[in-house]
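Next up, upload-v6.cif (mmCIF, C-alpha atoms and all ligand atoms):
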```cif
data_run
#
loop_
_atom_site.label_atom_id
_atom_site.label_comp_id
_atom_site.auth_asym_id
_atom_site.auth_seq_id
_atom_site.Cartn_x
_atom_site.Cartn_y
_atom_site.Cartn_z
CA MET A 1 -11.22 -13.83 9.02
CA LEU A 2 -7.93 -14.37 7.25
CA GLN A 3 -7.41 -18.04 8.00
CA GLY A 4 -6.60 -19.84 4.74
CA LYS A 5 -6.66 -16.58 2.73
CA ARG A 6 -3.95 -16.11 0.09
CA VAL A 7 -2.01 -12.89 0.59
CA ILE A 8 0.94 -11.10 -1.07
CA VAL A 9 2.90 -8.68 1.14
CA THR A 10 5.47 -6.39 -0.49
CA GLY A 11 8.36 -4.78 1.38
CA ALA A 12 8.10 -7.62 3.89
CA SER A 13 11.81 -8.10 4.68
CA THR A 14 11.72 -5.51 7.49
CA GLY A 15 9.66 -2.77 9.14
CA ILE A 16 5.86 -2.66 8.91
CA GLY A 17 5.71 -5.21 6.07
CA GLU A 18 7.58 -7.78 8.17
CA GLN A 19 5.13 -7.25 11.05
CA ILE A 20 2.17 -7.58 8.66
CA ALA A 21 3.57 -10.95 7.52
CA TYR A 22 3.91 -12.18 11.13
CA HIS A 23 0.36 -11.17 12.05
CA LEU A 24 -1.04 -12.85 8.94
CA ALA A 25 0.99 -15.97 9.76
CA ARG A 26 -0.54 -16.10 13.26
CA MET A 27 -3.96 -15.92 11.61
CA GLY A 28 -3.13 -18.95 9.43
CA ALA A 29 -2.96 -17.23 6.03
CA HIS A 30 -1.05 -18.41 2.94
CA LEU A 31 1.76 -15.93 2.29
CA VAL A 32 4.01 -14.77 -0.50
CA VAL A 33 6.43 -12.10 0.64
CA THR A 34 8.73 -9.98 -1.49
CA ALA A 35 11.56 -7.42 -1.20
CA ARG A 36 15.13 -7.27 -2.54
CA THR A 37 17.11 -8.95 0.26
CA GLU A 38 16.81 -12.70 -0.07
CA ALA A 39 18.54 -13.51 3.24
CA LYS A 40 16.05 -11.41 5.22
CA LEU A 41 13.06 -12.85 3.35
CA LYS A 42 14.23 -16.39 4.16
CA LYS A 43 14.25 -15.52 7.87
CA VAL A 44 10.81 -13.91 7.59
CA ILE A 45 9.22 -16.96 5.98
CA SER A 46 10.78 -19.41 8.42
CA GLU A 47 9.39 -17.28 11.27
CA CYS A 48 6.00 -17.17 9.51
CA LEU A 49 5.90 -20.96 9.30
CA LYS A 50 6.74 -21.21 13.03
CA LEU A 51 3.92 -18.75 13.81
CA GLY A 52 1.34 -20.86 11.96
CA ALA A 53 1.19 -19.68 8.34
CA ALA A 54 -0.73 -22.13 6.13
CA SER A 55 2.16 -21.75 3.66
CA ALA A 56 4.94 -19.21 3.13
CA HIS A 57 7.03 -18.42 0.04
CA PHE A 58 9.33 -15.58 -0.94
CA ILE A 59 10.11 -14.00 -4.29
CA PRO A 60 13.17 -11.71 -4.19
CA GLY A 61 13.69 -8.79 -6.58
CA THR A 62 13.51 -5.07 -7.10
CA MET A 63 10.27 -3.17 -7.73
CA GLU A 64 12.26 -0.77 -9.88
CA ASP A 65 11.83 -3.50 -12.50
CA LEU A 66 8.16 -3.41 -13.50
CA VAL A 67 8.43 -6.78 -15.25
CA PHE A 68 9.44 -8.24 -11.88
CA ALA A 69 6.48 -6.48 -10.22
CA GLU A 70 4.08 -8.19 -12.63
CA GLN A 71 5.83 -11.57 -12.29
CA VAL A 72 5.51 -11.52 -8.50
CA VAL A 73 1.74 -11.47 -8.85
CA THR A 74 1.52 -14.19 -11.49
CA LYS A 75 4.02 -16.43 -9.67
CA ALA A 76 2.28 -15.89 -6.33
CA GLY A 77 -1.07 -16.72 -7.93
CA LYS A 78 0.37 -20.02 -9.16
CA LEU A 79 2.07 -20.82 -5.83
CA MET A 80 -1.09 -20.21 -3.80
CA GLY A 81 -3.69 -21.22 -6.41
CA GLY A 82 -5.29 -17.74 -6.45
CA LEU A 83 -5.23 -14.49 -4.53
CA ASP A 84 -7.46 -12.94 -1.85
CA MET A 85 -5.45 -9.93 -0.73
CA LEU A 86 -2.66 -7.79 -2.18
CA ILE A 87 -0.82 -5.67 0.40
CA LEU A 88 1.30 -2.98 -1.27
CA ASN A 89 3.75 -1.63 1.28
CA HIS A 90 7.32 -1.35 -0.09
CA ILE A 91 9.09 1.97 -0.62
CA ALA A 92 12.49 3.02 -1.93
CA PRO A 93 14.87 4.08 0.86
CA VAL A 94 14.09 7.72 1.74
CA ASN A 95 16.71 10.48 1.66
CA LEU A 96 15.45 13.53 3.52
CA ARG A 97 16.95 16.38 1.50
CA PHE A 98 16.12 19.46 -0.57
CA PHE A 99 15.19 18.81 -4.20
CA ASN A 100 18.46 19.12 -6.09
CA GLY A 101 17.21 19.02 -9.66
CA ASP A 102 17.85 15.29 -10.04
CA VAL A 103 14.83 14.28 -12.11
CA ALA A 104 16.14 10.76 -12.80
CA SER A 105 16.08 9.94 -9.10
CA ILE A 106 12.47 11.15 -8.82
CA ARG A 107 11.54 8.88 -11.74
CA LYS A 108 13.18 5.96 -9.93
CA VAL A 109 11.22 6.69 -6.75
CA MET A 110 8.01 6.94 -8.81
CA ASP A 111 8.75 3.57 -10.42
CA ILE A 112 9.28 1.88 -7.06
CA ASN A 113 6.68 3.71 -4.94
CA PHE A 114 3.96 4.22 -7.55
CA PHE A 115 4.24 2.44 -10.92
CA SER A 116 5.08 -0.93 -9.40
CA TYR A 117 1.91 -0.60 -7.25
CA ILE A 118 -0.19 0.03 -10.38
CA THR A 119 1.54 -2.80 -12.25
CA MET A 120 0.89 -5.30 -9.47
CA THR A 121 -2.70 -4.11 -9.10
CA SER A 122 -3.34 -4.53 -12.78
CA ALA A 123 -1.89 -8.06 -12.75
CA ALA A 124 -3.90 -8.96 -9.64
CA LEU A 125 -7.35 -7.64 -10.66
CA PRO A 126 -8.45 -10.76 -12.61
CA MET A 127 -7.60 -13.02 -9.62
CA LEU A 128 -9.17 -10.63 -7.10
CA LYS A 129 -12.40 -10.50 -9.13
CA VAL A 130 -12.75 -14.27 -8.75
CA THR A 131 -12.32 -14.12 -4.97
CA ASN A 132 -14.03 -10.75 -4.29
CA GLY A 133 -10.63 -9.89 -2.85
CA SER A 134 -8.91 -6.83 -1.43
CA ILE A 135 -6.14 -4.41 -2.24
CA VAL A 136 -4.42 -2.66 0.66
CA VAL A 137 -2.27 0.36 -0.16
CA VAL A 138 0.09 1.60 2.53
CA SER A 139 0.41 5.37 2.31
CA SER A 140 1.28 8.22 4.62
CA ILE A 141 0.11 11.48 6.06
CA ALA A 142 2.78 12.81 3.65
CA GLY A 143 0.33 11.82 0.88
CA LYS A 144 -2.37 14.08 2.35
CA LEU A 145 -0.40 17.11 3.51
CA ILE A 146 3.05 18.39 2.70
CA THR A 147 6.31 18.68 4.62
CA PRO A 148 9.70 19.74 3.21
CA LEU A 149 12.63 17.40 2.35
CA ILE A 150 10.54 14.54 0.93
CA ALA A 151 9.20 15.95 -2.37
CA ASP A 152 9.79 12.66 -4.25
CA TYR A 153 8.24 10.47 -1.55
CA SER A 154 5.32 12.84 -1.12
CA ALA A 155 4.69 13.00 -4.88
CA ALA A 156 4.38 9.22 -5.03
CA LYS A 157 2.06 9.06 -1.99
CA PHE A 158 -0.24 11.82 -3.38
CA ALA A 159 -0.28 9.92 -6.68
CA LEU A 160 -1.39 6.74 -4.90
CA ASP A 161 -4.32 8.63 -3.37
CA GLY A 162 -5.32 10.02 -6.79
CA PHE A 163 -5.11 6.67 -8.52
CA TYR A 164 -6.63 4.38 -5.91
CA SER A 165 -9.42 6.75 -4.82
CA SER A 166 -10.41 7.02 -8.48
CA LEU A 167 -10.16 3.24 -9.01
CA GLN A 168 -12.29 2.72 -5.89
CA LYS A 169 -15.07 4.81 -7.47
CA GLU A 170 -14.77 2.93 -10.79
CA LEU A 171 -15.08 -0.46 -9.09
CA GLN A 172 -18.16 0.81 -7.28
CA LEU A 173 -19.74 2.08 -10.51
CA MET A 174 -19.09 -1.21 -12.29
CA ASN A 175 -20.31 -3.29 -9.33
CA VAL A 176 -16.96 -5.07 -9.07
CA ASN A 177 -16.65 -6.41 -5.54
CA ILE A 178 -12.95 -5.73 -4.89
CA SER A 179 -12.18 -3.56 -1.87
CA ILE A 180 -9.41 -0.95 -1.81
CA THR A 181 -8.09 0.23 1.56
CA LEU A 182 -5.85 3.29 1.66
CA CYS A 183 -3.79 3.33 4.87
CA ILE A 184 -2.71 6.77 6.07
CA LEU A 185 0.13 6.42 8.55
CA GLY A 186 1.91 8.88 10.82
CA PHE A 187 5.46 8.40 12.11
CA ILE A 188 6.05 4.67 12.88
CA ASN A 189 9.05 3.28 14.79
CA THR A 190 10.68 1.26 12.00
CA ASP A 191 14.50 1.26 12.01
CA SER A 192 14.71 3.11 8.71
CA ALA A 193 12.25 5.86 9.67
CA VAL A 194 13.77 6.45 13.10
CA LYS A 195 17.25 6.58 11.57
CA SER A 196 16.41 8.96 8.75
CA LEU A 197 14.47 11.37 11.00
CA SER A 198 17.11 11.55 13.71
CA GLY A 199 18.47 15.08 13.98
CA ILE A 200 15.79 16.36 11.57
CA VAL A 201 12.41 15.96 13.27
CA GLU A 202 12.14 16.40 17.01
CA ASN A 203 9.41 16.04 19.64
CA ILE A 204 7.36 13.44 17.78
CA THR A 205 7.12 10.00 19.34
CA PRO A 206 6.77 7.24 16.77
CA SER A 207 3.94 4.73 17.05
CA PRO A 208 4.67 0.99 17.29
CA LYS A 209 5.02 -0.93 14.03
CA GLU A 210 3.39 -4.07 15.49
CA GLU A 211 0.10 -2.29 16.29
CA CYS A 212 0.33 -0.41 13.00
CA ALA A 213 0.49 -3.74 11.13
CA VAL A 214 -2.62 -5.01 12.95
CA GLU A 215 -4.58 -1.87 12.01
CA ILE A 216 -3.56 -2.24 8.35
CA ILE A 217 -4.70 -5.88 8.24
CA LYS A 218 -7.94 -5.05 10.07
CA GLY A 219 -8.71 -2.25 7.59
CA GLY A 220 -8.20 -4.64 4.67
CA ALA A 221 -10.18 -7.50 6.21
CA LEU A 222 -13.09 -5.18 7.08
CA ARG A 223 -12.93 -3.71 3.54
CA GLN A 224 -12.62 -0.15 4.86
CA LYS A 225 -11.97 2.54 2.25
CA VAL A 226 -9.46 4.36 4.40
CA ILE A 227 -7.78 3.88 7.75
CA ALA A 228 -5.55 6.24 9.75
CA TYR A 229 -2.91 5.16 12.24
CA PRO A 230 -2.34 6.50 14.84
CA SER A 231 -5.95 7.65 15.01
CA SER A 232 -4.81 11.13 16.13
CA ILE A 233 -3.89 11.90 12.49
CA TYR A 234 -7.51 11.54 11.30
CA ILE A 235 -7.91 15.27 11.83
CA SER A 236 -5.10 16.08 9.36
CA MET A 237 -6.84 14.22 6.57
CA TRP A 238 -10.34 15.51 7.28
CA ASN A 239 -11.32 17.37 4.14
CA PRO A 240 -15.09 17.86 4.03
CA ILE A 241 -14.94 20.18 0.99
CA ARG A 242 -13.22 17.44 -1.02
CA THR A 243 -15.80 14.87 0.06
CA ILE A 244 -18.77 17.10 -0.78
CA GLN A 245 -17.32 18.21 -4.13
CA GLU A 246 -16.49 14.64 -5.12
CA TYR A 247 -20.08 13.69 -4.37
CA PHE A 248 -21.53 16.51 -6.48
CA ILE A 249 -19.10 15.95 -9.36
CA LEU A 250 -20.19 12.31 -9.54
CA LEU A 251 -23.84 13.42 -9.77
CA THR A 252 -23.02 15.19 -13.05
CA TYR A 253 -21.79 11.95 -14.66
CA ASN A 254 -24.14 10.03 -16.93
CA ILE A 255 -23.50 6.72 -15.16
CA ASP A 256 -25.93 4.66 -17.28
CA ASN A 257 -24.28 5.80 -20.48
CA ILE A 258 -20.76 5.19 -19.15
CA THR A 259 -21.47 1.74 -17.75
CA ARG A 260 -23.24 0.73 -20.97
CA ASN A 261 -20.37 1.81 -23.22
CA GLN A 262 -17.31 0.90 -21.19
CA GLN A 263 -16.03 -2.34 -19.79
CA PHE A 264 -13.96 -2.64 -16.65
CA SER A 265 -10.77 -4.50 -17.63
N1 LIG B 1 7.86 4.25 9.09
C1 LIG B 1 7.14 5.35 9.00
O1 LIG B 1 7.29 6.31 9.78
C2 LIG B 1 6.08 5.46 7.98
C3 LIG B 1 5.90 4.51 6.97
N2 LIG B 1 4.89 4.66 6.07
C4 LIG B 1 4.72 3.69 5.00
O2 LIG B 1 4.75 2.37 5.50
C5 LIG B 1 5.32 1.51 4.54
C6 LIG B 1 6.44 0.71 5.15
O3 LIG B 1 7.39 1.59 5.70
P1 LIG B 1 8.58 1.06 6.63
O4 LIG B 1 8.22 -0.25 7.18
O5 LIG B 1 8.97 2.15 7.52
O6 LIG B 1 9.74 0.86 5.53
P2 LIG B 1 11.13 0.07 5.68
O7 LIG B 1 12.17 0.97 5.12
O8 LIG B 1 11.31 -0.47 7.04
O9 LIG B 1 10.91 -1.16 4.69
C7 LIG B 1 10.83 -0.95 3.32
C8 LIG B 1 10.66 -2.29 2.63
O10 LIG B 1 10.68 -2.09 1.21
C9 LIG B 1 11.71 -2.93 0.64
N3 LIG B 1 12.30 -2.24 -0.51
C10 LIG B 1 13.14 -1.19 -0.52
N4 LIG B 1 13.51 -0.90 -1.77
C11 LIG B 1 12.91 -1.81 -2.57
C12 LIG B 1 12.92 -2.05 -3.97
N5 LIG B 1 13.65 -1.32 -4.81
N6 LIG B 1 12.18 -3.09 -4.46
C13 LIG B 1 11.46 -3.87 -3.62
N7 LIG B 1 11.41 -3.70 -2.29
C14 LIG B 1 12.13 -2.67 -1.77
C15 LIG B 1 12.70 -3.14 1.77
O11 LIG B 1 13.43 -4.34 1.64
P3 LIG B 1 14.78 -4.51 0.80
O12 LIG B 1 15.70 -3.41 1.21
O13 LIG B 1 15.22 -5.88 1.20
O14 LIG B 1 14.37 -4.46 -0.62
C16 LIG B 1 11.77 -3.28 2.97
O15 LIG B 1 11.26 -4.57 3.02
C17 LIG B 1 5.74 2.39 3.38
O16 LIG B 1 4.78 2.37 2.37
C18 LIG B 1 5.83 3.77 4.00
O17 LIG B 1 5.61 4.79 3.06
C19 LIG B 1 4.04 5.71 6.12
C20 LIG B 1 4.17 6.66 7.06
C21 LIG B 1 5.19 6.62 8.06
C1 LIG B 2 0.48 15.21 11.31
C2 LIG B 2 1.47 15.41 12.40
C3 LIG B 2 0.85 15.16 13.74
C4 LIG B 2 2.68 14.54 12.28
C5 LIG B 2 3.55 14.84 11.07
C6 LIG B 2 4.72 13.96 11.16
C7 LIG B 2 5.59 14.00 9.89
C8 LIG B 2 6.77 14.86 10.20
C9 LIG B 2 5.97 12.56 9.55
C10 LIG B 2 4.73 11.68 9.34
C11 LIG B 2 5.07 10.66 8.30
C12 LIG B 2 6.50 10.80 8.08
C13 LIG B 2 7.23 10.25 6.84
C14 LIG B 2 6.70 9.01 6.27
O1 LIG B 2 5.56 8.96 5.85
C15 LIG B 2 7.54 7.88 6.03
C16 LIG B 2 8.88 7.98 6.02
C17 LIG B 2 9.64 6.83 5.53
C18 LIG B 2 10.89 6.61 6.32
O2 LIG B 2 11.68 5.58 5.78
C19 LIG B 2 11.67 7.91 6.41
C20 LIG B 2 10.86 8.96 7.09
C21 LIG B 2 9.55 9.27 6.38
C22 LIG B 2 9.82 10.01 5.07
C23 LIG B 2 8.67 10.14 7.31
C24 LIG B 2 9.14 11.60 7.46
C25 LIG B 2 8.29 12.38 8.49
C26 LIG B 2 6.80 12.27 8.29
C27 LIG B 2 6.34 13.11 7.11
#
```
Let's see the structure in the file written out as structure tokens.
Amino acid sequence: MLQGKRVIVTGASTGIGEQIAYHLARMGAHLVVTARTEAKLKKVISECLKLGAASAHFIPGTMEDLVFAEQVVTKAGKLMGGLDMLILNHIAPVNLRFFNGDVASIRKVMDINFFSYITMTSAALPMLKVTNGSIVVVSSIAGKLITPLIADYSAAKFALDGFYSSLQKELQLMNVNISITLCILGFINTDSAVKSLSGIVENITPSPKEECAVEIIKGGALRQKVIAYPSSIYISMWNPIRTIQEYFILLTYNIDNITRNQQFS
């Protein structure tokens, strides 16, 4: 399904993003990968070309810089001649610690883990409209329920749910055929996650990043609204009251009036 499709993958220098890039390469997609570390990205794209990518480019830079975030999308669009799928996966390195009053560091995490996602989405929407494309947002069970020591990370992941679930509804109301897939992940065996949890969380076995990457791509390709990996965490995000209330709230909206008077940008 993804052969010849044009895809951006963020946070693709290592971890789950790197595995996503390799799977897409095997499927024959065109790829633009991004992260900060140029040397790692070079290795990733040369591996992608060996695996069968239709084309592979990298754009290095930090997502703390929202101008860079926007430029990645426009440059990638030019390199590939359009865009079919935007996979938003990068995160700032996580420090598991108590909140220490450092608001500036929370703002930085929100820029990297949240505002850059919105910036890239906004830049990509015109191209995705043309292709009836897809946005895939990699989130976490920590964006559905809370655990201590990751207040900043969790805040950004909850924010992603709020923003993208709302955007999903808007696209539906305006009959814009762009899919949004929110990926809810449990503990995955990436080097960074295993390292930062060691000595803090015990008795949880991480799931494999390779299989995780496949499930993320599948969810996007099948235009699913939400996926959970491993599937055992579905239960933690099951919130029937939310679903029912969202349904009834929407019934109170004067959809005809709204769609007549507002344009989707
Ligand atoms: N691993 C896990 O247990 C879980 C992961 N997830 C989610 O999965 C996704 C991937 O996680 P995982 O693979 O473990 O993460 P990794 O830490 O392995 O990779 C993070 C990626 O983001 C890049 N990155 C870091 N800082 C920046 C920055 N300032 N600007 C641009 N890119 C940056 C890194 O590259 P570089 O340093 O070169 O910039 C790297 O490519 C995340 O969205 C995470 O929230 C969700 C639940 C559990
Ligand atoms: C629902 C339960 C069956 C399992 C709960 C497991 C909890 C403890 C797991 C599930 C998802 C995990 C966090 C996560 O989303 C991603 C990262 C990024 C990584 O770089 C550092 C670790 C961190 C913060 C994980 C911390 C531990 C979390 C909350």
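Comparing the minimum interatomic distances between Ser166 in chain A and each of A:Leu250, A:Ile112, A:Met80, A:Ala213, counting only C-alpha atoms, we find that A:Leu250 sits nearest.
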Could you list, with a cut-off of 7 Å and counting all atoms listed in the file, the residues of chain A near ligand LIG 1 (chain B), each shown with its nearest atom pair and the distance in Å rounded to one decimal, rows sorted by chain and ascending number, as a Markdown table?
```
| residue | atom | partner | partner_atom | distance |
| --- | --- | --- | --- | --- |
| A:Thr10 | CA | B:LIG1 | N7 | 6.8 |
| A:Gly11 | CA | B:LIG1 | O15 | 3.3 |
| A:Ala12 | CA | B:LIG1 | O15 | 4.5 |
| A:Ser13 | CA | B:LIG1 | O15 | 3.9 |
| A:Thr14 | CA | B:LIG1 | O15 | 4.6 |
| A:Gly15 | CA | B:LIG1 | O4 | 3.5 |
| A:Ile16 | CA | B:LIG1 | O4 | 3.8 |
| A:Gly17 | CA | B:LIG1 | O4 | 5.7 |
| A:Thr34 | CA | B:LIG1 | N7 | 6.9 |
| A:Ala35 | CA | B:LIG1 | N7 | 3.9 |
| A:Arg36 | CA | B:LIG1 | O14 | 3.5 |
| A:Thr37 | CA | B:LIG1 | O13 | 3.7 |
| A:Lys40 | CA | B:LIG1 | O13 | 6.9 |
| A:Gly61 | CA | B:LIG1 | C13 | 6.2 |
| A:Thr62 | CA | B:LIG1 | N6 | 3.6 |
| A:Met63 | CA | B:LIG1 | N6 | 3.8 |
| A:Glu64 | CA | B:LIG1 | N5 | 5.3 |
| A:Asn89 | CA | B:LIG1 | O16 | 4.3 |
| A:His90 | CA | B:LIG1 | O10 | 3.7 |
| A:Ile91 | CA | B:LIG1 | O10 | 4.7 |
| A:Ala92 | CA | B:LIG1 | N4 | 4.1 |
| A:Pro93 | CA | B:LIG1 | C10 | 5.7 |
| A:Ile112 | CA | B:LIG1 | N5 | 5.9 |
| A:Val138 | CA | B:LIG1 | O16 | 4.8 |
| A:Ser139 | CA | B:LIG1 | C19 | 5.3 |
| A:Ser140 | CA | B:LIG1 | C19 | 4.0 |
| A:Ile141 | CA | B:LIG1 | C20 | 6.4 |
| A:Ile184 | CA | B:LIG1 | C19 | 6.8 |
| A:Leu185 | CA | B:LIG1 | C20 | 4.3 |
| A:Gly186 | CA | B:LIG1 | C21 | 4.8 |
| A:Phe187 | CA | B:LIG1 | O1 | 3.6 |
| A:Ile188 | CA | B:LIG1 | O1 | 3.7 |
| A:Asn189 | CA | B:LIG1 | N1 | 5.9 |
| A:Thr190 | CA | B:LIG1 | O5 | 4.9 |
| A:Asp191 | CA | B:LIG1 | O8 | 6.2 |
| A:Ser192 | CA | B:LIG1 | O7 | 4.9 |
| A:Ala193 | CA | B:LIG1 | N1 | 4.7 |
```
> Between atom C16 of ligand LIG 2 (chain B) and CA of Val94 in chain A, what is the distance, to one decimal in Å?
Replying inline: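 Computed distance, atom C16 of ligand LIG 2 (chain B) to CA of Val94 in chain A, equals 6.7 Å.
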>> Ranking A:Ile146, A:Ile217, A:Ile249, A:Met174 by minimum distance to ligand LIG 2 (chain B) and counting all atoms listed in the file, which one comes first?
In response: A:Ile146
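Restricting the calculation to all atoms listed in the file, the smallest distance between ligand LIG 2 (chain B) and any of A:Ser122, A:Leu96, A:Val130, A:Asp111 is found for A:Leu96.
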> Between A:Val7, A:Val67, A:Leu173, A:Cys183, which is the closest to ligand LIG 2 (chain B) once you count all atoms listed in the file?
Replying inline: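 Among the listed residues, the smallest separation from ligand LIG 2 (chain B) belongs to A:Cys183.
You will find CA of Gly162 in chain A at 27.1 Å from CA of Gly77 in chain A.
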> Counting only C-alpha atoms and all ligand atoms, which of A:Tyr164, A:Phe158, A:Tyr253, A:Tyr247 gets nearest to ligand LIG 2 (chain B)?
Replying inline: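 When distances to ligand LIG 2 (chain B) are compared using only C-alpha atoms and all ligand atoms, the smallest one comes from A:Phe158.
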> Which is closer to Ala54 in chain A than all the others in A:Arg6, A:Arg242, A:Lys218, A:Lys78, using only C-alpha atoms?
Replying inline: A:Arg6
Around ligand LIG 2 (chain B), with edges along x, y and z and 3 Å added on all six sides, what centre and edge lengths do you get, in Å to one decimal, as lines of an AutoDock Vina configuration file?
```
center_x = 6.1
center_y = 10.5
center_z = 9.4
size_x = 17.2
size_y = 15.8
size_z = 14.7
```
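A straight line drawn from CA of Arg223 in chain A to CA of Ile135 in chain A is 8.9 Å long.
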Selection as a JSON list (two decimals) with C-alpha atoms, keeping the file's coordinate frame: residues within 9 Å of (-8.6, 0.8, 0.6), counting only C-alpha atoms:
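Result written to point_7.json:
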```
[["chain", "number", "residue", "atom", "x", "y", "z"],
["A", 134, "SER", "CA", -8.91, -6.83, -1.43],
["A", 135, "ILE", "CA", -6.14, -4.41, -2.24],
["A", 136, "VAL", "CA", -4.42, -2.66, 0.66],
["A", 137, "VAL", "CA", -2.27, 0.36, -0.16],
["A", 138, "VAL", "CA", 0.09, 1.60, 2.53],
["A", 164, "TYR", "CA", -6.63, 4.38, -5.91],
["A", 165, "SER", "CA", -9.42, 6.75, -4.82],
["A", 168, "GLN", "CA", -12.29, 2.72, -5.89],
["A", 179, "SER", "CA", -12.18, -3.56, -1.87],
["A", 180, "ILE", "CA", -9.41, -0.95, -1.81],
["A", 181, "THR", "CA", -8.09, 0.23, 1.56],
["A", 182, "LEU", "CA", -5.85, 3.29, 1.66],
["A", 183, "CYS", "CA", -3.79, 3.33, 4.87],
["A", 219, "GLY", "CA", -8.71, -2.25, 7.59],
["A", 220, "GLY", "CA", -8.20, -4.64, 4.67],
["A", 223, "ARG", "CA", -12.93, -3.71, 3.54],
["A", 224, "GLN", "CA", -12.62, -0.15, 4.86],
["A", 225, "LYS", "CA", -11.97, 2.54, 2.25],
["A", 226, "VAL", "CA", -9.46, 4.36, 4.40],
["A", 227, "ILE", "CA", -7.78, 3.88, 7.75]]
```
Quick one: residues within 12 Å of Pro126 in chain A, all atoms listed in the file, excluding same-chain residues fewer than 6 positions away - as a short mmCIF file (atom, residue, chain, number, x, y, z; two decimals) with C-alpha atoms, in the frame of the given file?
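Result written to part35.cif:
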```cif
data_model
loop_
_atom_site.label_atom_id
_atom_site.label_comp_id
_atom_site.auth_asym_id
_atom_site.auth_seq_id
_atom_site.Cartn_x
_atom_site.Cartn_y
_atom_site.Cartn_z
CA VAL A 73 1.74 -11.47 -8.85
CA THR A 74 1.52 -14.19 -11.49
CA GLY A 77 -1.07 -16.72 -7.93
CA GLY A 82 -5.29 -17.74 -6.45
CA LEU A 83 -5.23 -14.49 -4.53
CA ASP A 84 -7.46 -12.94 -1.85
CA MET A 120 0.89 -5.30 -9.47
CA ASN A 132 -14.03 -10.75 -4.29
CA GLY A 133 -10.63 -9.89 -2.85
CA SER A 134 -8.91 -6.83 -1.43
CA VAL A 176 -16.96 -5.07 -9.07
CA ASN A 177 -16.65 -6.41 -5.54
CA ILE A 178 -12.95 -5.73 -4.89
CA PHE A 264 -13.96 -2.64 -16.65
CA SER A 265 -10.77 -4.50 -17.63
#
```
> Which polymer residues, protein or nucleic acid, are no farther than 12 Å from (11.4, -16.8, 9.2), counting all atoms listed in the file, as number ranges by chain?
Replying inline: A: 12-14, 18-19, 21-22, 25, 31, 33, 38-53, 55-58
